$ cat target-v5.cif   # mmCIF, C-alpha atoms
data_final
#
loop_
_atom_site.label_atom_id
_atom_site.label_comp_id
_atom_site.auth_asym_id
_atom_site.auth_seq_id
_atom_site.Cartn_x
_atom_site.Cartn_y
_atom_site.Cartn_z
CA MET A 1 49.55 15.07 -37.70
CA ALA A 2 46.22 13.41 -36.92
CA TYR A 3 43.85 15.16 -34.52
CA ASN A 4 41.54 13.67 -31.91
CA VAL A 5 38.10 15.18 -32.36
CA LEU A 6 35.12 15.24 -30.01
CA ILE A 7 31.72 15.64 -31.70
CA VAL A 8 28.95 16.89 -29.41
CA ASP A 9 25.40 16.74 -30.74
CA ASP A 10 22.16 15.29 -29.40
CA SER A 11 21.40 13.88 -32.85
CA LYS A 12 23.10 10.56 -33.50
CA SER A 13 22.51 11.11 -37.22
CA MET A 14 24.21 14.49 -37.18
CA ARG A 15 27.20 13.05 -35.31
CA LYS A 16 27.51 10.41 -38.04
CA VAL A 17 27.18 13.03 -40.76
CA ILE A 18 29.86 15.26 -39.22
CA LEU A 19 32.19 12.28 -38.91
CA LYS A 20 31.50 11.29 -42.52
CA THR A 21 32.10 14.90 -43.58
CA LEU A 22 35.43 15.03 -41.75
CA HIS A 23 36.54 11.90 -43.61
CA LEU A 24 35.34 13.30 -46.95
CA SER A 25 37.00 16.66 -46.37
CA GLY A 26 40.42 15.14 -45.95
CA PHE A 27 40.77 16.47 -42.42
CA PRO A 28 43.62 14.58 -40.67
CA LEU A 29 41.44 12.69 -38.24
CA GLY A 30 42.88 10.63 -35.41
CA GLU A 31 40.46 9.23 -32.88
CA CYS A 32 36.88 10.51 -32.98
CA LEU A 33 34.78 10.53 -29.81
CA GLU A 34 31.14 11.44 -29.42
CA ALA A 35 28.87 12.95 -26.78
CA SER A 36 25.17 13.79 -26.91
CA ASN A 37 25.31 16.94 -24.77
CA GLY A 38 27.71 19.28 -22.99
CA GLN A 39 27.77 17.30 -19.77
CA GLU A 40 28.68 14.06 -21.53
CA ALA A 41 31.36 15.95 -23.41
CA LEU A 42 32.87 17.22 -20.15
CA ASP A 43 32.98 13.62 -18.92
CA VAL A 44 34.82 12.56 -22.09
CA LEU A 45 37.29 15.43 -21.72
CA GLU A 46 38.13 14.31 -18.17
CA GLY A 47 39.73 11.14 -19.48
CA LYS A 48 40.92 11.80 -22.99
CA TRP A 49 43.14 14.28 -24.80
CA ILE A 50 41.09 16.04 -27.48
CA ASP A 51 42.58 18.38 -30.10
CA LEU A 52 39.32 19.83 -31.42
CA ILE A 53 35.71 19.99 -30.23
CA LEU A 54 32.83 20.34 -32.68
CA SER A 55 29.63 21.09 -30.80
CA ASP A 56 25.98 21.80 -31.44
CA VAL A 57 24.33 24.67 -29.55
CA HIS A 58 20.78 23.44 -28.96
CA MET A 59 21.00 20.30 -26.81
CA PRO A 60 19.15 18.95 -23.80
CA VAL A 61 20.83 18.52 -20.37
CA MET A 62 23.65 21.00 -21.10
CA ASP A 63 23.49 23.19 -24.19
CA GLY A 64 26.36 24.88 -26.01
CA PHE A 65 26.29 27.92 -23.75
CA GLY A 66 26.54 25.83 -20.58
CA PHE A 67 29.25 23.73 -22.19
CA ILE A 68 31.49 26.62 -23.20
CA ARG A 69 31.05 28.30 -19.81
CA SER A 70 32.11 25.06 -18.09
CA LEU A 71 35.14 24.78 -20.36
CA ASN A 72 36.07 28.35 -19.46
CA GLU A 73 35.79 27.60 -15.75
CA LYS A 74 38.17 24.67 -16.25
CA ASN A 75 40.48 26.81 -18.40
CA MET A 76 40.29 24.21 -21.18
CA LEU A 77 39.66 26.45 -24.18
CA ARG A 78 43.26 27.65 -24.41
CA ASP A 79 44.52 24.24 -25.54
CA THR A 80 41.41 22.80 -27.15
CA PRO A 81 39.63 24.87 -29.80
CA LEU A 82 35.85 24.68 -29.80
CA VAL A 83 33.90 25.22 -33.01
CA PHE A 84 30.12 25.26 -33.02
CA VAL A 85 28.28 23.43 -35.79
CA THR A 86 24.81 24.85 -35.58
CA THR A 87 21.56 25.98 -37.12
CA GLU A 88 21.64 29.02 -34.84
CA ALA A 89 21.03 32.16 -36.88
CA ASN A 90 20.62 34.72 -34.12
CA GLU A 91 23.68 36.96 -34.49
CA ASP A 92 23.53 38.10 -30.87
CA ARG A 93 23.69 34.53 -29.63
CA LEU A 94 26.49 33.65 -32.05
CA ASN A 95 28.46 36.70 -30.98
CA GLU A 96 27.97 35.71 -27.36
CA LEU A 97 29.44 32.28 -28.09
CA MET A 98 32.41 33.92 -29.79
CA SER A 99 32.93 36.25 -26.86
CA LEU A 100 32.88 33.25 -24.54
CA GLY A 101 35.83 31.79 -26.43
CA ALA A 102 34.46 29.75 -29.35
CA ARG A 103 37.03 29.61 -32.15
CA GLY A 104 34.32 29.85 -34.81
CA TYR A 105 31.04 28.47 -36.03
CA ILE A 106 29.86 26.50 -39.01
CA ARG A 107 26.26 26.87 -40.04
CA LYS A 108 24.23 23.82 -41.03
CA PRO A 109 23.75 22.95 -43.83
CA PHE A 110 27.43 22.70 -44.75
CA ARG A 111 29.57 21.22 -47.50
CA PRO A 112 32.54 18.92 -46.81
CA GLU A 113 34.99 21.25 -48.54
CA GLU A 114 33.90 24.16 -46.34
CA ILE A 115 34.40 22.11 -43.20
CA GLY A 116 37.81 20.83 -44.29
CA ALA A 117 39.19 24.24 -45.18
CA PHE A 118 37.74 25.91 -42.13
CA LEU A 119 39.00 23.33 -39.67
CA SER A 120 42.45 23.17 -41.23
CA ASN A 121 42.68 26.89 -40.69
CA ILE A 122 41.49 26.54 -37.12
CA MET A 123 44.10 23.91 -36.37
CA GLY A 124 46.69 26.03 -38.13
CA GLU A 125 45.76 28.91 -35.91
CA THR A 126 46.78 26.91 -32.84
CA ASP A 127 50.22 26.70 -34.47
CA GLY A 128 50.41 30.42 -34.94
CA PHE A 129 48.46 31.23 -38.14
CA ARG A 130 45.80 33.89 -38.32
CA VAL A 131 42.42 32.79 -39.67
CA GLY A 132 38.84 34.03 -39.92
CA THR A 133 36.23 33.05 -37.38
CA SER A 134 33.34 31.80 -39.44
CA VAL A 135 32.82 29.99 -42.71
CA GLU A 136 31.15 33.08 -44.12
CA GLY A 137 33.95 35.34 -42.91
CA SER A 138 36.96 33.26 -43.88
CA ASP A 139 38.81 33.92 -47.10
CA PHE A 140 39.10 30.45 -48.54
CA MET B 1 0.72 31.61 -46.15
CA GLY B 2 1.92 34.69 -48.05
CA SER B 3 3.95 34.31 -51.23
CA GLU B 4 7.00 35.95 -49.63
CA TRP B 5 7.10 33.25 -46.96
CA GLU B 6 6.56 30.58 -49.58
CA GLN B 7 9.50 31.79 -51.59
CA VAL B 8 11.81 31.87 -48.57
CA LEU B 9 10.68 28.43 -47.48
CA LYS B 10 11.23 27.05 -50.99
CA GLU B 11 14.79 28.40 -51.04
CA VAL B 12 15.57 26.98 -47.61
CA ILE B 13 14.07 23.55 -48.29
CA SER B 14 15.93 23.32 -51.60
CA GLU B 15 19.24 24.36 -50.04
CA VAL B 16 19.02 21.94 -47.12
CA LEU B 17 17.82 18.99 -49.19
CA GLU B 18 20.42 19.55 -51.89
CA THR B 19 23.37 20.22 -49.57
CA MET B 20 22.85 17.63 -46.85
CA PHE B 21 20.42 15.08 -48.30
CA PHE B 22 21.47 15.15 -51.98
CA ALA B 23 17.88 15.46 -53.19
CA VAL B 24 16.58 17.99 -55.70
CA VAL B 25 12.84 18.50 -55.37
CA GLU B 26 10.32 20.27 -57.58
CA PHE B 27 7.69 22.44 -55.93
CA GLU B 28 4.05 22.14 -56.90
CA GLN B 29 2.24 25.18 -58.23
CA GLY B 30 -0.44 26.50 -55.87
CA GLU B 31 -1.44 24.77 -52.68
CA ALA B 32 -0.16 21.33 -51.79
CA SER B 33 -2.26 18.38 -52.83
CA ASN B 34 -3.97 16.41 -50.11
CA HIS B 35 -1.61 13.48 -50.48
CA PRO B 36 -1.20 11.46 -47.25
CA PHE B 37 2.38 11.25 -45.97
CA ASP B 38 4.14 9.02 -43.44
CA TYR B 39 6.55 11.15 -41.39
CA GLU B 40 6.08 14.52 -39.82
CA SER B 41 8.74 16.81 -38.36
CA GLU B 42 8.39 20.22 -36.82
CA ILE B 43 10.46 23.13 -35.53
CA LEU B 44 9.33 26.15 -33.57
CA LEU B 45 10.74 29.68 -33.74
CA PHE B 46 9.62 31.96 -30.96
CA ASN B 47 10.09 35.45 -29.55
CA HIS B 48 8.14 37.90 -27.42
CA GLU B 49 5.75 38.61 -30.28
CA GLY B 50 4.70 35.09 -31.11
CA LYS B 51 5.65 31.80 -32.69
CA ILE B 52 6.35 30.45 -36.14
CA VAL B 53 5.73 26.72 -36.58
CA ILE B 54 7.35 25.08 -39.59
CA SER B 55 6.32 21.51 -40.22
CA LEU B 56 7.23 19.06 -42.90
CA GLN B 57 5.43 15.90 -43.97
CA VAL B 58 7.18 13.39 -46.20
CA SER B 59 6.53 9.99 -47.69
CA GLU B 60 8.19 6.88 -46.27
CA GLU B 61 10.03 6.33 -49.54
CA PHE B 62 11.43 9.85 -49.67
CA ALA B 63 12.32 9.80 -45.95
CA ARG B 64 14.16 6.49 -46.27
CA MET B 65 16.04 7.52 -49.39
CA THR B 66 17.13 10.90 -48.04
CA THR B 67 18.09 9.40 -44.67
CA ALA B 68 20.29 6.85 -46.43
CA ASP B 69 21.98 9.61 -48.43
CA PHE B 70 22.31 11.84 -45.37
CA LEU B 71 24.04 9.10 -43.38
CA GLY B 72 25.97 7.67 -46.31
CA ILE B 73 24.53 4.16 -45.92
CA GLY B 74 22.35 1.87 -48.02
CA GLN B 75 18.57 2.16 -47.77
CA GLU B 76 18.38 -1.41 -46.45
CA GLN B 77 20.51 -0.36 -43.46
CA VAL B 78 18.23 2.53 -42.49
CA LYS B 79 16.28 1.97 -39.26
CA ASP B 80 13.08 3.76 -38.23
CA ASP B 81 15.04 5.62 -35.53
CA ASP B 82 17.48 6.85 -38.18
CA ILE B 83 14.59 8.24 -40.21
CA GLU B 84 13.04 10.07 -37.26
CA ASP B 85 16.40 11.50 -36.21
CA SER B 86 17.23 12.61 -39.74
CA MET B 87 13.81 14.17 -40.26
CA LYS B 88 14.31 16.02 -36.99
CA GLU B 89 17.61 17.39 -38.31
CA LEU B 90 15.92 18.30 -41.58
CA ALA B 91 13.35 20.39 -39.68
CA ASN B 92 16.09 21.87 -37.52
CA MET B 93 18.12 23.01 -40.52
CA ILE B 94 15.04 24.35 -42.31
CA GLY B 95 14.10 26.32 -39.18
CA GLY B 96 17.63 27.72 -38.88
CA GLY B 97 17.81 28.55 -42.57
CA TYR B 98 14.43 30.25 -42.48
CA HIS B 99 15.51 32.32 -39.49
CA ALA B 100 18.74 33.32 -41.23
CA ARG B 101 16.77 34.68 -44.18
CA ILE B 102 14.17 36.74 -42.34
CA ASP B 103 14.95 40.23 -41.13
CA ASP B 104 14.13 39.94 -37.45
CA ALA B 105 17.15 38.38 -35.75
CA LYS B 106 15.47 37.99 -32.38
CA TRP B 107 13.80 34.66 -32.99
CA GLU B 108 14.93 31.67 -30.98
CA LEU B 109 14.88 28.13 -32.30
CA GLY B 110 13.12 25.42 -30.34
CA ILE B 111 14.03 21.74 -30.17
CA PRO B 112 12.85 19.90 -33.31
CA MET B 113 10.57 16.88 -33.17
CA ALA B 114 9.71 14.12 -35.62
CA ARG B 115 7.29 11.22 -35.60
CA LYS B 116 5.74 8.63 -37.80
CA ILE B 117 2.18 9.47 -38.83
CA GLY B 118 -0.13 6.55 -38.24
CA PRO B 119 -3.15 5.29 -36.35
CA GLY B 120 -3.65 7.51 -33.32
CA VAL B 121 -0.93 9.92 -34.50
CA PRO B 122 -2.69 12.31 -36.88
CA ASP B 123 -1.00 14.50 -39.46
CA THR B 124 -1.42 17.84 -37.66
CA ALA B 125 -0.85 19.89 -40.82
CA LYS B 126 -3.52 18.33 -42.97
CA ASN B 127 -5.93 21.25 -42.50
CA VAL B 128 -3.30 23.97 -43.03
CA ALA B 129 -2.39 25.40 -46.44
CA GLY B 130 0.99 24.10 -47.49
CA LEU B 131 3.70 23.91 -50.07
CA GLY B 132 3.90 20.60 -51.88
CA PHE B 133 7.02 19.16 -53.46
CA GLY B 134 7.82 16.16 -55.56
CA PHE B 135 10.78 14.01 -56.43
CA PHE B 136 11.07 12.61 -59.95
CA GLY B 137 7.42 13.33 -60.60
CA GLN B 138 6.11 11.62 -57.46
CA PRO B 139 4.66 13.50 -54.45
CA ALA B 140 7.43 13.50 -51.85
CA GLY B 141 6.18 15.84 -49.18
CA SER B 142 4.74 19.14 -48.13
CA ALA B 143 5.82 21.98 -45.87
CA HIS B 144 3.65 24.25 -43.76
CA LEU B 145 4.31 27.50 -41.99
CA VAL B 146 1.98 28.92 -39.37
CA ARG B 147 2.46 32.19 -37.46
CA LEU B 148 0.81 32.36 -34.07
CA PRO B 149 0.55 35.32 -31.68
CA VAL B 150 1.70 34.91 -28.06
#

$ encode --input "target-v5.cif" --output "C-alpha coordinates"
Amino acid sequence: MAYNVLIVDDSKSMRKVILKTLHLSGFPLGECLEASNGQEALDVLEGKWIDLILSDVHMPVMDGFGFIRSLNEKNMLRDTPLVFVTTEANEDRLNELMSLGARGYIRKPFRPEEIGAFLSNIMGETDGFRVGTSVEGSDF
Amino acid sequence: MGSEWEQVLKEVISEVLETMFFAVVEFEQGEASNHPFDYESEILLFNHEGKIVISLQVSEEFARMTTADFLGIGQEQVKDDDIEDSMKELANMIGGGYHARIDDAKWELGIPMARKIGPGVPDTAKNVAGLGFGFFGQPAGSAHLVRLPV
(Lines of atoms letter the chains of each structure in order from A and count residues from 1; the text may use other names and numbers.)
(Lines give C-alpha, C1' and ligand atoms only; values in the text may rest on other atoms or scores of the structure.)
Protein backbone atom coordinates (compact mmCIF):
# COMPACT_ATOMS: atom_id res chain seq x y z
CA MET A 1 0.00 0.00 0.00
CA ALA A 2 1.30 3.46 -0.89
CA TYR A 3 0.76 6.28 1.60
CA ASN A 4 -0.02 9.93 0.97
CA VAL A 5 2.39 12.03 3.00
CA LEU A 6 2.24 15.71 3.96
CA ILE A 7 5.61 17.34 4.71
CA VAL A 8 5.39 20.53 6.78
CA ASP A 9 8.55 22.61 7.09
CA ASP A 10 9.35 26.26 6.47
CA SER A 11 12.56 25.25 4.72
CA LYS A 12 12.05 24.32 1.09
CA SER A 13 15.41 22.55 1.17
CA MET A 14 14.43 20.42 4.15
CA ARG A 15 11.14 19.46 2.48
CA LYS A 16 13.13 18.30 -0.55
CA VAL A 17 15.56 16.39 1.65
CA ILE A 18 12.78 14.63 3.56
CA LEU A 19 11.12 13.67 0.28
CA LYS A 20 14.43 12.40 -1.09
CA THR A 21 14.99 10.48 2.15
CA LEU A 22 11.56 8.85 1.94
CA HIS A 23 12.37 7.66 -1.58
CA LEU A 24 15.80 6.38 -0.51
CA SER A 25 14.40 4.61 2.54
CA GLY A 26 12.03 2.51 0.50
CA PHE A 27 8.99 3.92 2.26
CA PRO A 28 5.88 3.11 0.17
CA LEU A 29 5.15 6.65 -0.91
CA GLY A 30 1.99 7.61 -2.75
CA GLU A 31 1.34 11.29 -3.29
CA CYS A 32 3.54 13.75 -1.40
CA LEU A 33 2.20 17.20 -0.53
CA GLU A 34 4.04 20.08 1.08
CA ALA A 35 3.25 23.01 3.36
CA SER A 36 5.54 25.66 4.83
CA ASN A 37 3.77 26.02 8.19
CA GLY A 38 0.95 24.58 10.29
CA GLN A 39 -1.72 26.83 8.84
CA GLU A 40 -0.87 25.88 5.26
CA ALA A 41 -0.89 22.25 6.33
CA LEU A 42 -4.40 22.60 7.77
CA ASP A 43 -5.52 24.07 4.43
CA VAL A 44 -4.04 21.07 2.60
CA LEU A 45 -5.75 18.65 4.99
CA GLU A 46 -9.13 20.26 4.28
CA GLY A 47 -9.06 19.01 0.71
CA LYS A 48 -6.90 15.92 0.60
CA TRP A 49 -6.70 12.56 2.34
CA ILE A 50 -3.31 12.24 4.02
CA ASP A 51 -2.02 9.03 5.63
CA LEU A 52 0.98 10.51 7.44
CA ILE A 53 2.13 13.99 8.43
CA LEU A 54 5.81 14.80 8.93
CA SER A 55 6.18 18.21 10.53
CA ASP A 56 8.85 20.56 11.79
CA VAL A 57 8.33 22.25 15.16
CA HIS A 58 9.91 25.68 14.71
CA MET A 59 8.00 27.46 11.94
CA PRO A 60 6.63 30.95 11.41
CA VAL A 61 2.85 31.68 11.20
CA MET A 62 1.83 28.45 12.98
CA ASP A 63 4.46 26.31 14.69
CA GLY A 64 4.28 22.61 15.53
CA PHE A 65 2.53 23.23 18.83
CA GLY A 66 -0.21 25.32 17.23
CA PHE A 67 -0.53 22.77 14.45
CA ILE A 68 -0.99 19.75 16.70
CA ARG A 69 -3.45 21.62 18.92
CA SER A 70 -5.51 22.52 15.84
CA LEU A 71 -5.45 18.91 14.67
CA ASN A 72 -6.68 17.84 18.11
CA GLU A 73 -9.52 20.35 17.98
CA LYS A 74 -10.56 18.88 14.62
CA ASN A 75 -10.14 15.33 15.96
CA MET A 76 -7.82 14.52 13.05
CA LEU A 77 -4.99 12.79 14.90
CA ARG A 78 -6.89 9.53 15.36
CA ASP A 79 -6.77 8.70 11.66
CA THR A 80 -3.66 10.58 10.58
CA PRO A 81 -0.44 10.00 12.52
CA LEU A 82 1.77 13.02 13.03
CA VAL A 83 5.53 12.61 13.43
CA PHE A 84 7.75 15.58 14.16
CA VAL A 85 11.05 15.89 12.30
CA THR A 86 12.93 18.41 14.35
CA THR A 87 16.11 19.84 15.81
CA GLU A 88 14.25 20.36 19.09
CA ALA A 89 16.31 18.93 21.95
CA ASN A 90 14.35 20.22 24.92
CA GLU A 91 12.89 17.07 26.48
CA ASP A 92 10.06 18.97 28.17
CA ARG A 93 8.91 20.38 24.85
CA LEU A 94 9.22 17.01 23.11
CA ASN A 95 7.24 15.34 25.88
CA GLU A 96 4.58 18.02 25.55
CA LEU A 97 4.26 17.25 21.84
CA MET A 98 3.92 13.56 22.63
CA SER A 99 1.27 14.26 25.25
CA LEU A 100 -0.62 16.32 22.68
CA GLY A 101 -0.84 13.27 20.44
CA ALA A 102 2.30 13.18 18.28
CA ARG A 103 3.06 9.59 17.25
CA GLY A 104 6.80 10.16 17.58
CA TYR A 105 9.69 12.39 16.66
CA ILE A 106 12.78 12.09 14.52
CA ARG A 107 15.72 14.26 15.37
CA LYS A 108 17.67 16.02 12.64
CA PRO A 109 20.21 15.02 11.45
CA PHE A 110 18.79 11.66 10.40
CA ARG A 111 19.74 8.75 8.16
CA PRO A 112 17.40 7.34 5.48
CA GLU A 113 17.41 3.88 7.04
CA GLU A 114 16.31 5.30 10.40
CA ILE A 115 13.43 7.17 8.79
CA GLY A 116 12.30 4.17 6.76
CA ALA A 117 12.26 1.76 9.68
CA PHE A 118 10.67 4.25 12.03
CA LEU A 119 7.90 5.26 9.66
CA SER A 120 7.14 1.69 8.64
CA ASN A 121 6.61 0.93 12.29
CA ILE A 122 4.42 3.98 12.71
CA MET A 123 2.24 2.97 9.79
CA GLY A 124 2.18 -0.58 11.11
CA GLU A 125 0.97 0.73 14.41
CA THR A 126 -2.14 2.14 12.74
CA ASP A 127 -2.84 -1.44 11.66
CA GLY A 128 -2.52 -2.74 15.17
CA PHE A 129 1.22 -3.21 15.84
CA ARG A 130 2.97 -1.83 18.88
CA VAL A 131 6.03 0.33 18.23
CA GLY A 132 8.35 2.71 20.04
CA THR A 133 7.81 6.44 19.95
CA SER A 134 11.16 7.85 18.96
CA VAL A 135 14.08 6.83 16.80
CA GLU A 136 16.25 6.63 19.90
CA GLY A 137 13.66 4.57 21.77
CA SER A 138 12.65 2.14 19.05
CA ASP A 139 14.18 -1.31 18.87
CA PHE A 140 15.12 -1.54 15.23
CA MET B 1 35.72 29.83 23.74
CA GLY B 2 36.60 27.07 26.23
CA SER B 3 37.98 23.76 25.01
CA GLU B 4 34.92 21.87 26.28
CA TRP B 5 32.66 23.95 24.04
CA GLU B 6 35.05 23.53 21.15
CA GLN B 7 34.98 19.77 21.49
CA VAL B 8 31.18 19.65 21.60
CA LEU B 9 30.91 21.96 18.62
CA LYS B 10 33.40 19.87 16.66
CA GLU B 11 31.38 16.72 17.31
CA VAL B 12 28.13 18.38 16.30
CA ILE B 13 29.50 19.98 13.14
CA SER B 14 31.09 16.70 12.08
CA GLU B 15 27.91 14.72 12.72
CA VAL B 16 25.63 17.13 10.85
CA LEU B 17 27.97 17.60 7.90
CA GLU B 18 28.64 13.87 7.55
CA THR B 19 25.04 12.71 8.01
CA MET B 20 23.10 15.27 6.00
CA PHE B 21 25.67 16.97 3.75
CA PHE B 22 28.03 14.04 3.08
CA ALA B 23 31.12 16.11 3.85
CA VAL B 24 33.95 15.12 6.17
CA VAL B 25 35.89 18.14 7.41
CA GLU B 26 39.18 18.45 9.25
CA PHE B 27 39.42 20.95 12.09
CA GLU B 28 42.34 23.34 12.31
CA GLN B 29 44.52 23.30 15.40
CA GLY B 30 44.20 26.44 17.53
CA GLU B 31 42.17 29.44 16.50
CA ALA B 32 40.65 29.75 13.07
CA SER B 33 42.69 31.52 10.43
CA ASN B 34 41.45 34.88 9.23
CA HIS B 35 40.33 33.50 5.90
CA PRO B 36 37.45 35.48 4.34
CA PHE B 37 34.30 33.43 3.68
CA ASP B 38 31.19 34.00 1.57
CA TYR B 39 28.15 32.76 3.51
CA GLU B 40 27.20 33.22 7.10
CA SER B 41 24.49 31.41 9.05
CA GLU B 42 23.50 31.76 12.66
CA ILE B 43 21.29 30.17 15.31
CA LEU B 44 20.40 31.46 18.75
CA LEU B 45 19.77 29.42 21.89
CA PHE B 46 18.20 31.34 24.73
CA ASN B 47 16.83 30.94 28.24
CA HIS B 48 16.29 33.11 31.30
CA GLU B 49 20.02 33.21 32.00
CA GLY B 50 21.25 34.40 28.64
CA LYS B 51 21.93 33.53 25.03
CA ILE B 52 24.29 31.34 23.08
CA VAL B 53 24.95 32.46 19.51
CA ILE B 54 26.42 29.86 17.17
CA SER B 55 27.48 31.16 13.79
CA LEU B 56 29.08 29.50 10.84
CA GLN B 57 30.97 31.06 7.94
CA VAL B 58 31.70 29.00 4.85
CA SER B 59 33.24 29.47 1.43
CA GLU B 60 31.07 29.71 -1.67
CA GLU B 61 32.64 26.53 -3.04
CA PHE B 62 31.97 24.52 0.11
CA ALA B 63 28.44 25.94 0.45
CA ARG B 64 27.57 25.09 -3.15
CA MET B 65 29.01 21.59 -2.95
CA THR B 66 27.32 20.70 0.33
CA THR B 67 24.01 22.21 -0.80
CA ALA B 68 24.11 20.08 -3.94
CA ASP B 69 24.78 16.96 -1.87
CA PHE B 70 22.14 17.90 0.70
CA LEU B 71 19.47 18.31 -1.98
CA GLY B 72 20.69 15.47 -4.16
CA ILE B 73 21.17 17.66 -7.26
CA GLY B 74 24.11 18.72 -9.40
CA GLN B 75 26.13 21.78 -8.38
CA GLU B 76 25.13 23.52 -11.62
CA GLN B 77 21.48 23.29 -10.54
CA VAL B 78 22.07 24.96 -7.17
CA LYS B 79 20.58 28.46 -6.88
CA ASP B 80 21.65 31.15 -4.39
CA ASP B 81 18.34 30.69 -2.55
CA ASP B 82 19.07 26.97 -2.19
CA ILE B 83 22.43 27.77 -0.61
CA GLU B 84 20.98 30.23 1.89
CA ASP B 85 18.18 27.84 2.82
CA SER B 86 20.57 24.92 3.21
CA MET B 87 23.02 26.96 5.28
CA LYS B 88 20.10 27.99 7.48
CA GLU B 89 19.26 24.31 8.01
CA LEU B 90 22.91 23.57 8.71
CA ALA B 91 22.91 26.19 11.49
CA ASN B 92 19.57 24.90 12.76
CA MET B 93 20.83 21.32 13.04
CA ILE B 94 24.10 22.42 14.64
CA GLY B 95 22.16 24.47 17.20
CA GLY B 96 19.86 21.53 17.95
CA GLY B 97 22.75 19.10 18.17
CA TYR B 98 24.69 21.41 20.46
CA HIS B 99 21.66 21.77 22.72
CA ALA B 100 21.19 18.00 22.84
CA ARG B 101 24.76 17.56 24.08
CA ILE B 102 24.82 20.17 26.83
CA ASP B 103 23.43 19.42 30.27
CA ASP B 104 20.93 22.22 30.69
CA ALA B 105 17.76 21.17 28.87
CA LYS B 106 16.01 24.50 29.31
CA TRP B 107 17.43 26.26 26.28
CA GLU B 108 15.10 27.21 23.47
CA LEU B 109 16.15 27.34 19.85
CA GLY B 110 15.56 30.47 17.82
CA ILE B 111 14.83 30.73 14.11
CA PRO B 112 18.03 30.30 12.07
CA MET B 113 19.22 32.90 9.57
CA ALA B 114 21.67 32.84 6.67
CA ARG B 115 23.02 35.44 4.30
CA LYS B 116 25.68 36.03 1.74
CA ILE B 117 28.61 38.06 3.06
CA GLY B 118 29.44 40.90 0.73
CA PRO B 119 29.67 44.65 0.34
CA GLY B 120 27.54 46.25 3.05
CA VAL B 121 26.94 42.87 4.71
CA PRO B 122 29.93 42.33 6.99
CA ASP B 123 31.06 39.03 8.43
CA THR B 124 29.90 39.59 12.02
CA ALA B 125 32.15 36.86 13.43
CA LYS B 126 35.43 38.11 12.09
CA ASN B 127 36.51 39.59 15.44
CA VAL B 128 35.45 36.58 17.51
CA ALA B 129 37.69 33.59 18.23
CA GLY B 130 36.53 30.63 16.19
CA LEU B 131 37.03 27.07 15.13
CA GLY B 132 38.33 26.67 11.59
CA PHE B 133 37.76 23.66 9.39
CA GLY B 134 38.95 22.54 6.02
CA PHE B 135 37.89 20.22 3.25
CA PHE B 136 40.55 18.32 1.31
CA GLY B 137 43.23 20.67 2.58
CA GLN B 138 41.42 23.88 1.63
CA PRO B 139 39.87 26.29 4.18
CA ALA B 140 36.13 25.58 4.06
CA GLY B 141 34.74 27.53 6.96
CA SER B 142 34.78 28.48 10.59
CA ALA B 143 32.36 28.24 13.49
CA HIS B 144 31.96 30.61 16.41
CA LEU B 145 30.19 30.33 19.71
CA VAL B 146 29.45 33.32 21.91
CA ARG B 147 27.67 33.25 25.28
CA LEU B 148 25.90 36.43 26.26
CA PRO B 149 24.15 37.29 29.54
CA VAL B 150 20.54 38.54 29.47

$ resolve_selection --input "target-v5.cif" --expression "the PyMOL selection byres ((chain A and resi 2-5) around 8)" --output "list in words"
Met1, Leu6, Ile7, Pro28, Leu29, Gly30, Glu31, Cys32, Leu33, Trp49, Ile50, Asp51, Leu52, Ile53 and Leu54 of chain A

$ resolve_selection --input "target-v5.cif" --expression "the PyMOL selection byres ((chain A) within 7 of (chain B))" --output "list of chain:residue names"
A:Ser11, A:Ser13, A:Lys16, A:Val17, A:Thr87, A:Glu88, A:Ala89, A:Asn90, A:Glu91, A:Lys108, A:Pro109, A:Phe110, A:Arg111

$ closest_residue --input "target-v5.cif" --among "A:Met14, A:Met62, A:Leu22, A:Leu119" --to "Leu42 (chain A)" --atoms "all atoms listed in the file"
A:Met62

$ atom_distance --input "target-v5.cif" --atom1 "CA of Gln57 (chain B)" --atom2 "CA of Gly141 (chain B)"
5.3 Å

$ atom_distance --input "target-v5.cif" --atom1 "CA of Phe84 (chain A)" --atom2 "CA of Arg115 (chain B)"
26.9 Å

$ atom_distance --input "target-v5.cif" --atom1 "CA of Phe37 (chain B)" --atom2 "CA of Ser59 (chain B)"
4.7 Å

$ residues_around --input "target-v5.cif" --residues "Ser70 (chain A)" --least-positions-apart "3" --cutoff "12 Å" --atoms "all atoms listed in the file" --output "list in words"
Gly38, Gln39, Ala41, Leu42, Asp43, Leu45, Met62, Asp63, Gly64, Phe65, Gly66, Phe67, Glu73, Lys74, Asn75, Met76, Leu77, Leu100 and Gly101 of chain A

$ resolve_selection --input "target-v5.cif" --expression "the PyMOL selection byres ((chain B and resi 28) around 6)" --output "ChimeraX atom specification"
/B:27,29,132-133

$ write_last_selection --input "target-v5.cif" --atoms "C-alpha atoms" --output "short mmCIF file (atom, residue, chain, number, x, y, z; two decimals), in the frame of the given file"
data_model
loop_
_atom_site.label_atom_id
_atom_site.label_comp_id
_atom_site.auth_asym_id
_atom_site.auth_seq_id
_atom_site.Cartn_x
_atom_site.Cartn_y
_atom_site.Cartn_z
CA PHE B 27 7.69 22.44 -55.93
CA GLN B 29 2.24 25.18 -58.23
CA GLY B 132 3.90 20.60 -51.88
CA PHE B 133 7.02 19.16 -53.46
#
